[in-house]
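Enquirer: What follows is the file work.pdb, containing PDB, C-alpha atoms, pLDDT in the B column:
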```pdb
ATOM      1  CA  MET A  43     -27.169  53.952 -24.605  1.00 95.00           C
ATOM      2  CA  LYS A  44     -25.488  50.544 -24.833  1.00 96.00           C
ATOM      3  CA  PHE A  45     -22.605  49.126 -22.835  1.00 97.00           C
ATOM      4  CA  ARG A  46     -19.593  48.288 -25.011  1.00 97.00           C
ATOM      5  CA  PRO A  47     -16.979  45.981 -23.469  1.00 97.00           C
ATOM      6  CA  CYS A  48     -13.249  46.283 -24.058  1.00 96.00           C
ATOM      7  CA  ILE A  49     -10.081  44.203 -24.200  1.00 97.00           C
ATOM      8  CA  ASP A  50      -6.949  46.357 -24.055  1.00 95.00           C
ATOM      9  CA  ILE A  51      -3.736  44.418 -24.740  1.00 96.00           C
ATOM     10  CA  HIS A  52      -0.236  45.638 -23.880  1.00 95.00           C
ATOM     11  CA  ASN A  53       2.984  43.631 -23.888  1.00 95.00           C
ATOM     12  CA  GLY A  54       0.954  40.490 -24.587  1.00 96.00           C
ATOM     13  CA  LYS A  55      -1.265  40.925 -21.510  1.00 96.00           C
ATOM     14  CA  VAL A  56      -4.844  42.111 -21.015  1.00 96.00           C
ATOM     15  CA  LYS A  57      -4.506  45.339 -19.034  1.00 92.00           C
ATOM     16  CA  GLN A  58      -6.246  48.441 -17.841  1.00 88.00           C
ATOM     17  CA  ILE A  59      -3.904  51.429 -18.015  1.00 82.00           C
ATOM     18  CA  VAL A  60      -3.988  55.170 -17.433  1.00 77.00           C
ATOM     19  CA  GLY A  61      -4.411  56.320 -21.037  1.00 66.00           C
ATOM     20  CA  GLY A  62      -2.171  59.371 -20.972  1.00 69.00           C
ATOM     21  CA  SER A  63       0.711  57.381 -19.465  1.00 75.00           C
ATOM     22  CA  LEU A  64       1.399  55.164 -22.493  1.00 72.00           C
ATOM     23  CA  LYS A  65       4.941  55.441 -23.900  1.00 75.00           C
ATOM     24  CA  ASP A  66       6.429  53.605 -26.856  1.00 76.00           C
ATOM     25  CA  GLN A  67       9.910  53.942 -25.375  1.00 73.00           C
ATOM     26  CA  GLY A  68      10.393  50.834 -23.288  1.00 79.00           C
ATOM     27  CA  ASP A  69       6.716  49.880 -23.792  1.00 77.00           C
ATOM     28  CA  GLN A  70       5.826  51.645 -20.566  1.00 78.00           C
ATOM     29  CA  ALA A  71       2.432  52.501 -19.079  1.00 78.00           C
ATOM     30  CA  ALA A  72       0.957  53.192 -15.662  1.00 82.00           C
ATOM     31  CA  GLU A  73      -1.092  50.081 -14.928  1.00 82.00           C
ATOM     32  CA  ASN A  74      -4.364  49.859 -13.033  1.00 81.00           C
ATOM     33  CA  PHE A  75      -4.676  46.124 -13.518  1.00 87.00           C
ATOM     34  CA  VAL A  76      -2.881  43.297 -15.320  1.00 91.00           C
ATOM     35  CA  SER A  77      -5.036  40.224 -15.836  1.00 93.00           C
ATOM     36  CA  GLU A  78      -3.932  36.650 -15.249  1.00 94.00           C
ATOM     37  CA  GLN A  79      -6.535  35.662 -17.851  1.00 96.00           C
ATOM     38  CA  ASP A  80      -5.893  35.877 -21.578  1.00 97.00           C
ATOM     39  CA  ALA A  81      -7.875  37.823 -24.161  1.00 98.00           C
ATOM     40  CA  ALA A  82      -9.859  34.739 -25.172  1.00 98.00           C
ATOM     41  CA  PHE A  83     -11.250  34.507 -21.626  1.00 98.00           C
ATOM     42  CA  TYR A  84     -12.725  38.008 -21.865  1.00 97.00           C
ATOM     43  CA  ALA A  85     -14.050  37.426 -25.379  1.00 98.00           C
ATOM     44  CA  GLU A  86     -15.922  34.338 -24.171  1.00 98.00           C
ATOM     45  CA  LEU A  87     -17.204  36.273 -21.149  1.00 97.00           C
ATOM     46  CA  TYR A  88     -18.646  38.980 -23.397  1.00 98.00           C
ATOM     47  CA  LYS A  89     -20.079  36.411 -25.814  1.00 98.00           C
ATOM     48  CA  LYS A  90     -21.911  34.588 -23.005  1.00 98.00           C
ATOM     49  CA  ALA A  91     -23.274  37.905 -21.751  1.00 97.00           C
ATOM     50  CA  GLY A  92     -24.533  38.815 -25.235  1.00 97.00           C
ATOM     51  CA  LEU A  93     -22.433  41.986 -25.365  1.00 97.00           C
ATOM     52  CA  LYS A  94     -21.583  43.017 -28.928  1.00 96.00           C
ATOM     53  CA  GLY A  95     -19.600  45.837 -30.471  1.00 97.00           C
ATOM     54  CA  GLY A  96     -16.813  45.944 -27.920  1.00 96.00           C
ATOM     55  CA  HIS A  97     -13.306  46.878 -28.914  1.00 96.00           C
ATOM     56  CA  VAL A  98      -9.990  45.051 -28.782  1.00 97.00           C
ATOM     57  CA  ILE A  99      -7.100  47.523 -28.745  1.00 94.00           C
ATOM     58  CA  LEU A 100      -3.460  46.656 -29.446  1.00 96.00           C
ATOM     59  CA  LEU A 101      -1.471  49.103 -27.329  1.00 93.00           C
ATOM     60  CA  ASN A 102       1.977  48.216 -28.672  1.00 93.00           C
ATOM     61  CA  GLY A 103       3.403  49.809 -31.811  1.00 90.00           C
ATOM     62  CA  LYS A 104       4.461  47.611 -34.711  1.00 91.00           C
ATOM     63  CA  ASP A 105       8.133  48.231 -33.928  1.00 91.00           C
ATOM     64  CA  SER A 106       7.760  46.963 -30.368  1.00 93.00           C
ATOM     65  CA  PRO A 107       9.365  43.633 -29.448  1.00 94.00           C
ATOM     66  CA  ASN A 108       6.059  42.851 -27.711  1.00 94.00           C
ATOM     67  CA  TYR A 109       3.880  43.544 -30.758  1.00 95.00           C
ATOM     68  CA  GLU A 110       3.601  39.936 -31.974  1.00 97.00           C
ATOM     69  CA  ALA A 111       2.561  38.697 -28.513  1.00 97.00           C
ATOM     70  CA  THR A 112      -0.059  41.447 -28.330  1.00 97.00           C
ATOM     71  CA  LYS A 113      -1.334  40.660 -31.821  1.00 97.00           C
ATOM     72  CA  ALA A 114      -1.548  36.949 -30.998  1.00 98.00           C
ATOM     73  CA  GLN A 115      -3.769  37.751 -28.008  1.00 98.00           C
ATOM     74  CA  ALA A 116      -5.992  39.934 -30.179  1.00 98.00           C
ATOM     75  CA  LEU A 117      -6.444  37.179 -32.748  1.00 98.00           C
ATOM     76  CA  LEU A 118      -7.349  34.738 -29.955  1.00 98.00           C
ATOM     77  CA  ALA A 119     -10.124  37.076 -28.836  1.00 98.00           C
ATOM     78  CA  LEU A 120     -11.500  37.524 -32.350  1.00 98.00           C
ATOM     79  CA  GLY A 121     -11.514  33.778 -32.880  1.00 98.00           C
ATOM     80  CA  LYS A 122     -13.537  33.204 -29.711  1.00 98.00           C
ATOM     81  CA  TYR A 123     -16.214  35.755 -30.611  1.00 98.00           C
ATOM     82  CA  PRO A 124     -16.504  36.090 -34.409  1.00 98.00           C
ATOM     83  CA  GLY A 125     -18.548  39.120 -35.398  1.00 98.00           C
ATOM     84  CA  GLY A 126     -18.820  40.341 -31.816  1.00 98.00           C
ATOM     85  CA  LEU A 127     -15.716  42.480 -31.461  1.00 98.00           C
ATOM     86  CA  GLN A 128     -14.007  45.381 -33.203  1.00 98.00           C
ATOM     87  CA  ILE A 129     -10.226  45.767 -33.353  1.00 98.00           C
ATOM     88  CA  GLY A 130      -7.888  48.747 -33.382  1.00 97.00           C
ATOM     89  CA  GLY A 131      -4.190  49.489 -33.125  1.00 94.00           C
ATOM     90  CA  GLY A 132      -1.956  49.797 -36.176  1.00 94.00           C
ATOM     91  CA  ILE A 133      -4.773  49.148 -38.653  1.00 97.00           C
ATOM     92  CA  CYS A 134      -3.974  50.021 -42.283  1.00 97.00           C
ATOM     93  CA  PRO A 135      -5.148  48.921 -45.753  1.00 98.00           C
ATOM     94  CA  GLU A 136      -2.544  46.156 -45.785  1.00 97.00           C
ATOM     95  CA  ASN A 137      -3.792  44.360 -42.668  1.00 97.00           C
ATOM     96  CA  ALA A 138      -7.497  45.307 -42.413  1.00 98.00           C
ATOM     97  CA  ALA A 139      -8.654  42.217 -44.315  1.00 97.00           C
ATOM     98  CA  GLU A 140      -6.591  39.920 -42.066  1.00 97.00           C
ATOM     99  CA  TYR A 141      -8.440  41.089 -38.963  1.00 98.00           C
ATOM    100  CA  LEU A 142     -11.861  41.037 -40.620  1.00 98.00           C
ATOM    101  CA  GLU A 143     -11.244  37.491 -41.838  1.00 98.00           C
ATOM    102  CA  ALA A 144     -10.115  36.560 -38.308  1.00 98.00           C
ATOM    103  CA  GLY A 145     -13.551  37.522 -36.983  1.00 98.00           C
ATOM    104  CA  ALA A 146     -13.563  41.275 -36.326  1.00 98.00           C
ATOM    105  CA  SER A 147     -16.852  42.969 -37.168  1.00 98.00           C
ATOM    106  CA  HIS A 148     -15.048  46.304 -37.705  1.00 98.00           C
ATOM    107  CA  VAL A 149     -11.545  47.717 -37.785  1.00 98.00           C
ATOM    108  CA  ILE A 150     -10.836  50.873 -35.770  1.00 98.00           C
ATOM    109  CA  VAL A 151      -8.533  53.444 -37.338  1.00 97.00           C
ATOM    110  CA  THR A 152      -6.893  56.682 -36.225  1.00 92.00           C
ATOM    111  CA  SER A 153      -3.225  57.138 -37.039  1.00 93.00           C
ATOM    112  CA  TYR A 154      -3.409  55.927 -40.646  1.00 96.00           C
ATOM    113  CA  VAL A 155      -5.819  58.690 -41.655  1.00 96.00           C
ATOM    114  CA  PHE A 156      -3.532  61.475 -40.419  1.00 93.00           C
ATOM    115  CA  LYS A 157      -0.454  62.971 -42.061  1.00 90.00           C
ATOM    116  CA  ASN A 158       1.594  65.823 -40.616  1.00 90.00           C
ATOM    117  CA  GLY A 159      -1.048  66.450 -37.977  1.00 93.00           C
ATOM    118  CA  VAL A 160      -4.039  66.799 -40.302  1.00 96.00           C
ATOM    119  CA  ILE A 161      -6.513  64.418 -41.917  1.00 97.00           C
ATOM    120  CA  SER A 162      -5.303  62.741 -45.088  1.00 97.00           C
ATOM    121  CA  TRP A 163      -8.471  62.335 -47.106  1.00 97.00           C
ATOM    122  CA  GLU A 164      -6.536  60.162 -49.556  1.00 98.00           C
ATOM    123  CA  ASN A 165      -5.568  57.723 -46.791  1.00 97.00           C
ATOM    124  CA  LEU A 166      -9.110  57.799 -45.463  1.00 98.00           C
ATOM    125  CA  GLU A 167     -10.431  56.749 -48.860  1.00 98.00           C
ATOM    126  CA  GLU A 168      -7.840  53.965 -49.027  1.00 98.00           C
ATOM    127  CA  ILE A 169      -8.760  52.458 -45.671  1.00 98.00           C
ATOM    128  CA  ARG A 170     -12.483  52.801 -46.438  1.00 98.00           C
ATOM    129  CA  ASP A 171     -11.983  50.956 -49.726  1.00 98.00           C
ATOM    130  CA  ALA A 172      -9.832  48.268 -48.083  1.00 98.00           C
ATOM    131  CA  ALA A 173     -12.134  47.562 -45.130  1.00 98.00           C
ATOM    132  CA  GLY A 174     -15.497  48.669 -46.496  1.00 98.00           C
ATOM    133  CA  LYS A 175     -17.438  51.578 -45.029  1.00 98.00           C
ATOM    134  CA  GLU A 176     -19.695  49.153 -43.154  1.00 98.00           C
ATOM    135  CA  HIS A 177     -16.667  47.681 -41.344  1.00 98.00           C
ATOM    136  CA  LEU A 178     -14.842  50.923 -40.480  1.00 98.00           C
ATOM    137  CA  VAL A 179     -14.811  52.716 -37.126  1.00 98.00           C
ATOM    138  CA  LEU A 180     -12.987  56.041 -36.889  1.00 98.00           C
ATOM    139  CA  ASP A 181     -11.310  56.685 -33.556  1.00 96.00           C
ATOM    140  CA  LEU A 182     -11.397  60.384 -32.665  1.00 96.00           C
ATOM    141  CA  SER A 183      -9.801  59.983 -29.249  1.00 91.00           C
ATOM    142  CA  CYS A 184      -8.751  63.359 -27.956  1.00 94.00           C
ATOM    143  CA  ARG A 185      -7.005  65.461 -25.342  1.00 91.00           C
ATOM    144  CA  LYS A 186      -8.392  68.966 -24.784  1.00 84.00           C
ATOM    145  CA  LYS A 187     -10.623  68.294 -27.832  1.00 86.00           C
ATOM    146  CA  TYR A 188      -7.562  67.835 -30.084  1.00 94.00           C
ATOM    147  CA  ILE A 189      -7.468  64.424 -31.774  1.00 96.00           C
ATOM    148  CA  VAL A 190      -4.424  62.375 -30.726  1.00 94.00           C
ATOM    149  CA  THR A 191      -2.809  59.549 -32.685  1.00 92.00           C
ATOM    150  CA  ASP A 192      -0.078  56.918 -32.283  1.00 87.00           C
ATOM    151  CA  ARG A 193      -1.503  55.337 -29.130  1.00 80.00           C
ATOM    152  CA  TRP A 194      -2.602  58.784 -27.845  1.00 81.00           C
ATOM    153  CA  GLN A 195       0.942  60.170 -27.867  1.00 84.00           C
ATOM    154  CA  LYS A 196       0.878  62.665 -30.759  1.00 90.00           C
ATOM    155  CA  PHE A 197      -1.359  65.725 -30.962  1.00 94.00           C
ATOM    156  CA  THR A 198      -2.880  66.629 -34.309  1.00 95.00           C
ATOM    157  CA  GLU A 199      -4.223  69.988 -35.416  1.00 95.00           C
ATOM    158  CA  GLU A 200      -7.733  68.576 -35.732  1.00 95.00           C
ATOM    159  CA  ILE A 201     -10.404  69.354 -33.124  1.00 96.00           C
ATOM    160  CA  VAL A 202     -13.453  67.137 -32.552  1.00 96.00           C
ATOM    161  CA  THR A 203     -16.521  69.056 -33.737  1.00 96.00           C
ATOM    162  CA  SER A 204     -19.971  68.087 -35.007  1.00 94.00           C
ATOM    163  CA  GLU A 205     -18.995  69.499 -38.404  1.00 96.00           C
ATOM    164  CA  LEU A 206     -15.919  67.275 -38.622  1.00 97.00           C
ATOM    165  CA  MET A 207     -17.939  64.220 -37.634  1.00 97.00           C
ATOM    166  CA  GLU A 208     -20.482  65.035 -40.342  1.00 97.00           C
ATOM    167  CA  ARG A 209     -17.683  65.071 -42.939  1.00 97.00           C
ATOM    168  CA  LEU A 210     -16.075  61.903 -41.670  1.00 97.00           C
ATOM    169  CA  GLY A 211     -19.384  60.089 -41.325  1.00 97.00           C
ATOM    170  CA  SER A 212     -19.594  59.416 -45.056  1.00 97.00           C
ATOM    171  CA  PHE A 213     -16.507  57.202 -44.748  1.00 98.00           C
ATOM    172  CA  CYS A 214     -17.347  55.052 -41.709  1.00 98.00           C
ATOM    173  CA  ASP A 215     -19.968  53.061 -39.826  1.00 98.00           C
ATOM    174  CA  GLU A 216     -19.239  54.234 -36.253  1.00 98.00           C
ATOM    175  CA  PHE A 217     -17.053  56.485 -34.112  1.00 98.00           C
ATOM    176  CA  LEU A 218     -15.048  55.649 -30.996  1.00 97.00           C
ATOM    177  CA  VAL A 219     -13.853  58.481 -28.748  1.00 96.00           C
ATOM    178  CA  HIS A 220     -11.567  58.046 -25.752  1.00 92.00           C
ATOM    179  CA  ALA A 221     -11.330  61.058 -23.459  1.00 93.00           C
ATOM    180  CA  VAL A 222      -7.629  60.388 -22.965  1.00 90.00           C
ATOM    181  CA  ASP A 223      -6.996  62.798 -20.088  1.00 89.00           C
ATOM    182  CA  VAL A 224      -9.465  60.914 -17.872  1.00 88.00           C
ATOM    183  CA  GLU A 225      -8.967  57.451 -19.393  1.00 84.00           C
ATOM    184  CA  GLY A 226      -8.213  54.836 -16.748  1.00 78.00           C
ATOM    185  CA  LYS A 227      -8.752  57.200 -13.808  1.00 82.00           C
ATOM    186  CA  ALA A 228     -12.400  56.333 -12.968  1.00 84.00           C
ATOM    187  CA  ARG A 229     -12.896  59.819 -11.524  1.00 85.00           C
ATOM    188  CA  GLY A 230     -15.644  61.148 -13.746  1.00 92.00           C
ATOM    189  CA  VAL A 231     -16.400  61.728 -17.412  1.00 95.00           C
ATOM    190  CA  GLU A 232     -15.561  64.693 -19.624  1.00 94.00           C
ATOM    191  CA  THR A 233     -19.032  66.220 -19.694  1.00 95.00           C
ATOM    192  CA  GLU A 234     -18.279  68.919 -22.257  1.00 95.00           C
ATOM    193  CA  LEU A 235     -16.956  66.348 -24.710  1.00 95.00           C
ATOM    194  CA  ALA A 236     -20.018  64.161 -24.099  1.00 96.00           C
ATOM    195  CA  LYS A 237     -22.307  67.120 -24.808  1.00 96.00           C
ATOM    196  CA  LEU A 238     -20.500  67.773 -28.067  1.00 96.00           C
ATOM    197  CA  LEU A 239     -20.674  64.113 -29.129  1.00 97.00           C
ATOM    198  CA  GLY A 240     -24.348  63.976 -28.175  1.00 96.00           C
ATOM    199  CA  GLN A 241     -25.132  66.577 -30.816  1.00 96.00           C
ATOM    200  CA  TYR A 242     -24.223  64.051 -33.523  1.00 96.00           C
ATOM    201  CA  ALA A 243     -26.846  61.445 -34.350  1.00 95.00           C
ATOM    202  CA  ALA A 244     -26.022  60.081 -37.805  1.00 97.00           C
ATOM    203  CA  HIS A 245     -23.846  57.135 -36.661  1.00 97.00           C
ATOM    204  CA  PRO A 246     -23.261  55.249 -33.412  1.00 97.00           C
ATOM    205  CA  VAL A 247     -20.710  56.933 -31.137  1.00 98.00           C
ATOM    206  CA  THR A 248     -18.989  55.137 -28.258  1.00 98.00           C
ATOM    207  CA  TYR A 249     -17.507  57.203 -25.427  1.00 97.00           C
ATOM    208  CA  ALA A 250     -14.713  55.857 -23.219  1.00 95.00           C
ATOM    209  CA  GLY A 251     -12.899  57.458 -20.315  1.00 92.00           C
ATOM    210  CA  GLY A 252     -13.356  58.232 -16.636  1.00 91.00           C
ATOM    211  CA  VAL A 253     -16.470  56.209 -15.820  1.00 95.00           C
ATOM    212  CA  GLY A 254     -16.171  55.074 -12.211  1.00 93.00           C
ATOM    213  CA  SER A 255     -19.774  54.664 -11.058  1.00 95.00           C
ATOM    214  CA  MET A 256     -23.377  54.373 -12.154  1.00 95.00           C
ATOM    215  CA  ALA A 257     -23.707  58.077 -11.367  1.00 97.00           C
ATOM    216  CA  ASP A 258     -21.046  58.764 -14.019  1.00 96.00           C
ATOM    217  CA  ILE A 259     -23.013  56.698 -16.519  1.00 96.00           C
ATOM    218  CA  GLU A 260     -26.157  58.671 -15.720  1.00 97.00           C
ATOM    219  CA  GLU A 261     -24.251  61.928 -16.163  1.00 97.00           C
ATOM    220  CA  LEU A 262     -22.981  60.666 -19.510  1.00 97.00           C
ATOM    221  CA  ARG A 263     -26.507  59.669 -20.534  1.00 97.00           C
ATOM    222  CA  LYS A 264     -27.801  63.167 -19.815  1.00 97.00           C
ATOM    223  CA  ALA A 265     -24.860  64.997 -21.374  1.00 97.00           C
ATOM    224  CA  GLY A 266     -24.997  62.834 -24.492  1.00 97.00           C
ATOM    225  CA  GLN A 267     -28.808  63.016 -24.795  1.00 97.00           C
ATOM    226  CA  GLY A 268     -28.957  59.211 -24.550  1.00 96.00           C
ATOM    227  CA  ARG A 269     -27.196  58.896 -27.906  1.00 97.00           C
ATOM    228  CA  LEU A 270     -23.781  57.717 -26.701  1.00 98.00           C
ATOM    229  CA  ASP A 271     -22.767  54.149 -26.068  1.00 98.00           C
ATOM    230  CA  VAL A 272     -20.318  53.732 -23.206  1.00 97.00           C
ATOM    231  CA  THR A 273     -17.208  51.723 -22.441  1.00 95.00           C
ATOM    232  CA  VAL A 274     -16.255  51.018 -18.837  1.00 94.00           C
ATOM    233  CA  GLY A 275     -12.875  49.462 -18.111  1.00 91.00           C
ATOM    234  CA  SER A 276     -10.866  50.036 -14.959  1.00 89.00           C
ATOM    235  CA  ALA A 277     -13.947  50.455 -12.751  1.00 91.00           C
ATOM    236  CA  LEU A 278     -15.267  46.945 -13.536  1.00 93.00           C
ATOM    237  CA  ASP A 279     -14.805  44.059 -11.101  1.00 92.00           C
ATOM    238  CA  ILE A 280     -13.575  41.847 -13.954  1.00 93.00           C
ATOM    239  CA  PHE A 281     -10.538  44.132 -14.172  1.00 90.00           C
ATOM    240  CA  GLY A 282      -9.664  43.948 -10.501  1.00 77.00           C
TER     241      GLY A 282
END
```
Let me see the structure of the file written as structure tokens.
Expert:
Amino acid sequence: MKFRPCIDIHNGKVKQIVGGSLKDQGDQAAENFVSEQDAAFYAELYKKAGLKGGHVILLNGKDSPNYEATKAQALLALGKYPGGLQIGGGICPENAAEYLEAGASHVIVTSYVFKNGVISWENLEEIRDAAGKEHLVLDLSCRKKYIVTDRWQKFTEEIVTSELMERLGSFCDEFLVHAVDVEGKARGVETELAKLLGQYAAHPVTYAGGVGSMADIEELRKAGQGRLDVTVGSALDIFG
């Protein structure tokens, strides 16, 4: 188990939010913490600590008036820690190379690989070819085991299973899974989801959501058979 840091950016600010509260309408979200520091500050912090493989997430949609400010923050972070951070949020074949050239080690993709609530294997091949399998992370963030897209707002028909991860594993280098219903609440992890993810061993899997204490991390370690990396956000002192 490794610790994976995070930089979540919303409306041009580094934030910790309650995951299920995010709305595109009015760019709203329930906030746990809004940082006075920019994304570059956190990237340098993680670089000095030797923490690699963390994720930068753009939480504004491309149609948002705040998208460009959010993207600018993300690019600042990548520039401060080349090769140390992954990036997700609106990634598609047309912009994957831009972020990789800006310093991202991987691009994180969810929404682009879904069409009408199911996986588009054609789109998945396109993003794999654009980014390269070795630079692609598939985000299987879910609510009630159903994968959700579009900043966790739309349910798909796809359920996270070991079998699905086996199929998807031939297209990517890693998986990232937010347990959206507990994301940002720091009140405990989704143990059943962790057990399911722990059954998969072919690629690195990072779990995020609900960690509020070292006891939660130990529970996650046991449930995931020591195979899961972990992201902690709202519970960290650096986020308030």
Enquirer: What does the PyMOL selection byres ((chain A and resi 79-81) around 7) select in this file, as a PyMOL selection string?
Expert: chain A and resi 49+55-56+77-78+82-85+115-116+118-119
Enquirer: Pick from A:Arg193, A:Lys186, A:His97, A:Lys113: nearest to A:Ile150, with only C-alpha atoms counted?
Expert: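 With only C-alpha atoms as the atom set, the closest residue is A:His97.
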Enquirer: Between atom CA of A:Thr198 and atom CA of A:Gln241, what distance in Å does the model show, to one decimal?
Expert: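 It comes out at 22.5 Å.
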Enquirer: Once the PyMOL selection byres ((chain A and resi 234) around 12) is applied to the coordinates I shared, what remains selected? I want it as a PDB file with C-alpha atoms, in the coordinates of the input.
Expert:
```pdb
ATOM      1  CA  LYS A 186      -8.392  68.966 -24.784  1.00 84.00           C
ATOM      2  CA  LYS A 187     -10.623  68.294 -27.832  1.00 86.00           C
ATOM      3  CA  VAL A 202     -13.453  67.137 -32.552  1.00 96.00           C
ATOM      4  CA  THR A 203     -16.521  69.056 -33.737  1.00 96.00           C
ATOM      5  CA  ALA A 221     -11.330  61.058 -23.459  1.00 93.00           C
ATOM      6  CA  GLY A 230     -15.644  61.148 -13.746  1.00 92.00           C
ATOM      7  CA  VAL A 231     -16.400  61.728 -17.412  1.00 95.00           C
ATOM      8  CA  GLU A 232     -15.561  64.693 -19.624  1.00 94.00           C
ATOM      9  CA  THR A 233     -19.032  66.220 -19.694  1.00 95.00           C
ATOM     10  CA  LEU A 235     -16.956  66.348 -24.710  1.00 95.00           C
ATOM     11  CA  ALA A 236     -20.018  64.161 -24.099  1.00 96.00           C
ATOM     12  CA  LYS A 237     -22.307  67.120 -24.808  1.00 96.00           C
ATOM     13  CA  LEU A 238     -20.500  67.773 -28.067  1.00 96.00           C
ATOM     14  CA  LEU A 239     -20.674  64.113 -29.129  1.00 97.00           C
ATOM     15  CA  GLY A 240     -24.348  63.976 -28.175  1.00 96.00           C
ATOM     16  CA  GLN A 241     -25.132  66.577 -30.816  1.00 96.00           C
ATOM     17  CA  GLU A 261     -24.251  61.928 -16.163  1.00 97.00           C
ATOM     18  CA  LEU A 262     -22.981  60.666 -19.510  1.00 97.00           C
ATOM     19  CA  LYS A 264     -27.801  63.167 -19.815  1.00 97.00           C
ATOM     20  CA  ALA A 265     -24.860  64.997 -21.374  1.00 97.00           C
ATOM     21  CA  GLY A 266     -24.997  62.834 -24.492  1.00 97.00           C
TER      22      GLY A 266
END
```
Enquirer: So how many Å separate atom CA of A:Asp279 and atom CA of A:Leu218, to one decimal?
Expert: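 Answer for the atom CA of A:Asp279 to atom CA of A:Leu218 separation: 23.0 Å.
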Enquirer: Report, in Å with one decimal, the straight-line distance from atom CA of A:Ile133 to atom CA of A:Val151.
Expert: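 Answer for the atom CA of A:Ile133 to atom CA of A:Val151 separation: 5.9 Å.
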Enquirer: So which residues touch A:His148 within 6 Å, counting all atoms listed in the file, skipping near sequence neighbours fewer than 3 positions away, as a PyMOL selection string?
Expert: chain A and resi 128+177-178
Enquirer: Pick out the closest residue to A:Glu208 from this set: A:Ala244, A:Leu270, A:Val190, A:Leu120. Count all atoms listed in the file.
Expert: A:Ala244
Enquirer: Applying 8 Å and only C-alpha atoms, which residues near stretch 110-112 of chain A remain after dropping the ones on its own chain fewer than 4 positions away? List them as a PDB file with C-alpha atoms, keeping the file's coordinate frame.
Expert:
```pdb
ATOM      1  CA  ILE A  51      -3.736  44.418 -24.740  1.00 96.00           C
ATOM      2  CA  HIS A  52      -0.236  45.638 -23.880  1.00 95.00           C
ATOM      3  CA  ASN A  53       2.984  43.631 -23.888  1.00 95.00           C
ATOM      4  CA  GLY A  54       0.954  40.490 -24.587  1.00 96.00           C
ATOM      5  CA  LYS A  55      -1.265  40.925 -21.510  1.00 96.00           C
ATOM      6  CA  LEU A 100      -3.460  46.656 -29.446  1.00 96.00           C
ATOM      7  CA  LEU A 101      -1.471  49.103 -27.329  1.00 93.00           C
ATOM      8  CA  ASN A 102       1.977  48.216 -28.672  1.00 93.00           C
ATOM      9  CA  ALA A 116      -5.992  39.934 -30.179  1.00 98.00           C
TER      10      ALA A 116
END
```
Enquirer: Taking the file as shown, what set of residues would the PyMOL selection byres ((chain A and resi 176) around 12) give back, as an MDAnalysis selection string?
Expert: chainID A and resid 142 147:150 169:175 177:180 211:217 245
Enquirer: Using only C-alpha atoms, list the residues that have an atom at most 9 Å from (-11.7, 57.1, -26.6), coordinates as in the file, as a list of chain:residue names.
Expert: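 Checked against the point, the hits come out as A:Asp181, A:Leu182, A:Ser183, A:Cys184, A:Leu218, A:Val219, A:His220, A:Ala221, A:Val222, A:Glu225, A:Thr248, A:Tyr249, A:Ala250, A:Gly251, A:Thr273.
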Enquirer: Can you write just those residues out, C-alpha atoms, as an mmCIF file, in the frame of the given file?
Expert:
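Output saved as selection_36.cif:
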```
data_model
loop_
_atom_site.group_PDB
_atom_site.id
_atom_site.type_symbol
_atom_site.label_atom_id
_atom_site.label_comp_id
_atom_site.auth_asym_id
_atom_site.auth_seq_id
_atom_site.Cartn_x
_atom_site.Cartn_y
_atom_site.Cartn_z
ATOM 1 C CA ASP A 181 -11.310 56.685 -33.556
ATOM 2 C CA LEU A 182 -11.397 60.384 -32.665
ATOM 3 C CA SER A 183 -9.801 59.983 -29.249
ATOM 4 C CA CYS A 184 -8.751 63.359 -27.956
ATOM 5 C CA LEU A 218 -15.048 55.649 -30.996
ATOM 6 C CA VAL A 219 -13.853 58.481 -28.748
ATOM 7 C CA HIS A 220 -11.567 58.046 -25.752
ATOM 8 C CA ALA A 221 -11.330 61.058 -23.459
ATOM 9 C CA VAL A 222 -7.629 60.388 -22.965
ATOM 10 C CA GLU A 225 -8.967 57.451 -19.393
ATOM 11 C CA THR A 248 -18.989 55.137 -28.258
ATOM 12 C CA TYR A 249 -17.507 57.203 -25.427
ATOM 13 C CA ALA A 250 -14.713 55.857 -23.219
ATOM 14 C CA GLY A 251 -12.899 57.458 -20.315
ATOM 15 C CA THR A 273 -17.208 51.723 -22.441
#
```
Enquirer: If you count all atoms listed in the file, which residues fall within 8 Å of A:Ser153, apart from same-chain ones fewer than 5 positions away, as a ChimeraX atom specification?
Expert: /A:132,191-192
Enquirer: Using only C-alpha atoms, which of the listed residues (A:Ala257, A:Leu64, A:Ala91, A:Asp271) sits closest to A:Ala243?
Expert: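 Counting only C-alpha atoms, the residue closest to A:Ala243 is A:Asp271.
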Enquirer: Just checking: using all atoms listed in the file, which residue out of A:Trp194, A:Tyr141, A:Tyr154, A:Tyr109 ends up closest to A:Leu127?
Expert: A:Tyr141
Enquirer: Could you give me, as a ChimeraX atom specification, the residues within 9 Å of stretch 68-75 of chain A, counting all atoms listed in the file and dropping anything in the same chain fewer than 6 positions from it?
Expert: /A:52-53,56-62,101-103,106-108,226-227,276,281-282
Enquirer: Choose the residue, out of A:Gly130, A:Tyr123, A:Glu143, A:Gly252, that has the smallest atom-to-atom separation from A:Lys90; count only C-alpha atoms.
Expert: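 Among the listed residues, A:Tyr123 lies closest to A:Lys90.
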Enquirer: Which one of A:Ala277, A:Tyr188, A:Asn137, A:Leu210 sits closest to A:Val155 if you count only C-alpha atoms?
Expert: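 So, comparing all the options, the nearest one is A:Leu210.
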